[in-house]
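First the structure, in the form of structure tokens, and then the observations on it.
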Amino acid sequence: NDGKLAHSQYLGARISGNATRSSIVKSLKFYSRDEYGKKNVKYDLIPGNTMQLDRTTPIDKYNKFRIRNGGNDLGHAQFRDNYIQSLVSDLSFDTQASRPCIMFINGEYFGVYTLQEEYDDAYLENTHNIDKKNVMIIECGKEVGEGEESDLAYYEELINFAKNNDLAVDSNYQKINQMIDMQNFIEYWCTQIFIANQDWMNNDNNYRTWRSRTTSDQPYEDGKWRWALCDMDFSFG
């Protein structure tokens, strides 16, 4: 808080992360809700953060955000995830904007953290201008992060088609092109391979896919699956 964020803004918070919960240095996820006073934090939390839609419109409201301890990179570089995401933020897949910060809890110094965007339906509305009621996010290919439980069937349809059809056949390849954003897919996979992420597909872990539920002539509302980069803590050796 640099003094410009209104003190009347109340947020919910909970500890986040999996294995790193065992550390004394916790990650926290913050929520803004109507019952806390305001639906969004309307503030330039991450200077320079812009919409994925045009790369120029600034984002100055957040429904959720995370103050992250470095995850599995805690005790090492600590900012590996954010550094890697910043290197590839100009590519076609989603990345989480971030900034370093210092956290105090009840006046007690807790150290250097990273303030980071959170992937959710509000994120897609903010960055891609898609109605958040029209999005689905699948986490690790098996859990619905945003949307309805039945949305998992849409992702399984994609995976089953890819597994059960020869994609060297042009008609099958064209079908896949109708189901996913191919440029997004290629750039995402090239990035994961180049950075040698050890906590990804080999562990069926740390990947997000999303799409619009219905289609329109608006950008990104084409019903195609797209990938979002997250948790790069075990990358670059």
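Residues in the structure tokens are numbered from 1 in each chain, the chains being A, B, ... in the order shown, and ligands are numbered from 1 in the order shown.
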
Report as a tab-separated table: every residue of range 49-98 of chain A with an atom at most 12 Å from range 171-186 of chain A, its closest pair of atoms, and their distance in Å to one decimal, counting only C-alpha atoms, with rows sorted by chain and ascending residue number.
```
residue	atom	partner	partner_atom	distance
A:Val88	CA	A:Asn184	CA	12.0
A:Asp90	CA	A:Asn184	CA	11.5
A:Leu91	CA	A:Asn184	CA	7.9
A:Ser92	CA	A:Asn184	CA	5.1
A:Phe93	CA	A:Asn184	CA	5.2
A:Asp94	CA	A:Asn184	CA	8.8
A:Thr95	CA	A:Asn184	CA	11.8
```

Could you list, as number ranges by chain, every residue within 9 Å of range 57-71 of chain A, counting only C-alpha atoms and ignoring same-chain residues fewer than 4 positions away? A: 16-21, 25-33, 39-53, 75-82, 101, 103, 111-120, 122-123, 126-127, 231, 233

Take CA of Met232 in chain A and CA of Asn197 in chain A and report the distance between them in Å, one decimal.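 Separating CA of Met232 in chain A from CA of Asn197 in chain A is a distance of 6.6 Å.
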
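Comparing the minimum interatomic distances between Cys140 in chain A and each of A:Leu11, A:Ile24, A:Ala228, A:Ile84, counting only C-alpha atoms, we find that A:Ala228 sits nearest.
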
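Nearest to Lys132 in chain A of all the residues A:Trp210, A:Trp200, A:Tyr155, A:Phe104 is A:Trp210, counting only C-alpha atoms.
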
Atom-to-atom span, CA of Tyr36 in chain A and CA of Asn129 in chain A, Å: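 The value is 24.9 Å.
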
Quick one: pick out all helix (DSSP H, G or I) residues within range 135-194 of chain A from a backbone DSSP run and write them as a ChimeraX atom specification. /A:149-164,170-179,182-194

Using only C-alpha atoms, determine which residues lie at most 10 Å from Glu143 in chain A, disregarding the query and same-chain residues fewer than 5 positions distant; provide the list as a PyMOL selection string. chain A and resi 137-138+149+151-152+208

Dump C-alpha atoms for the selected residues as a PDB file, in the first residue's frame?
```pdb
ATOM      1  CA  ILE A 137     -11.014 -23.138 -16.907  1.00  0.00           C
ATOM      2  CA  ILE A 138      -9.734 -26.696 -16.521  1.00  0.00           C
ATOM      3  CA  GLU A 149     -18.599 -29.564 -13.462  1.00  0.00           C
ATOM      4  CA  ASP A 151     -17.479 -28.427 -18.567  1.00  0.00           C
ATOM      5  CA  LEU A 152     -14.830 -31.077 -17.987  1.00  0.00           C
ATOM      6  CA  ARG A 208      -4.355 -24.522 -17.106  1.00  0.00           C
TER       7      ARG A 208
END
```

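Note that CA of Thr56 in chain A and CA of Pro219 in chain A are 15.4 Å apart.
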
Give me every strand (DSSP E or B) residue in range 26-160 of chain A, going by DSSP on the backbone, as a ChimeraX atom specification. /A:27-31,41-42,50,58,61-62,64-68,94,98-105,108-117,135-139,143-146

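Residue nearest Ser86 in chain A, chosen from A:Lys224, A:Arg55, A:Lys38, A:Leu229 and counting only C-alpha atoms: A:Leu229.
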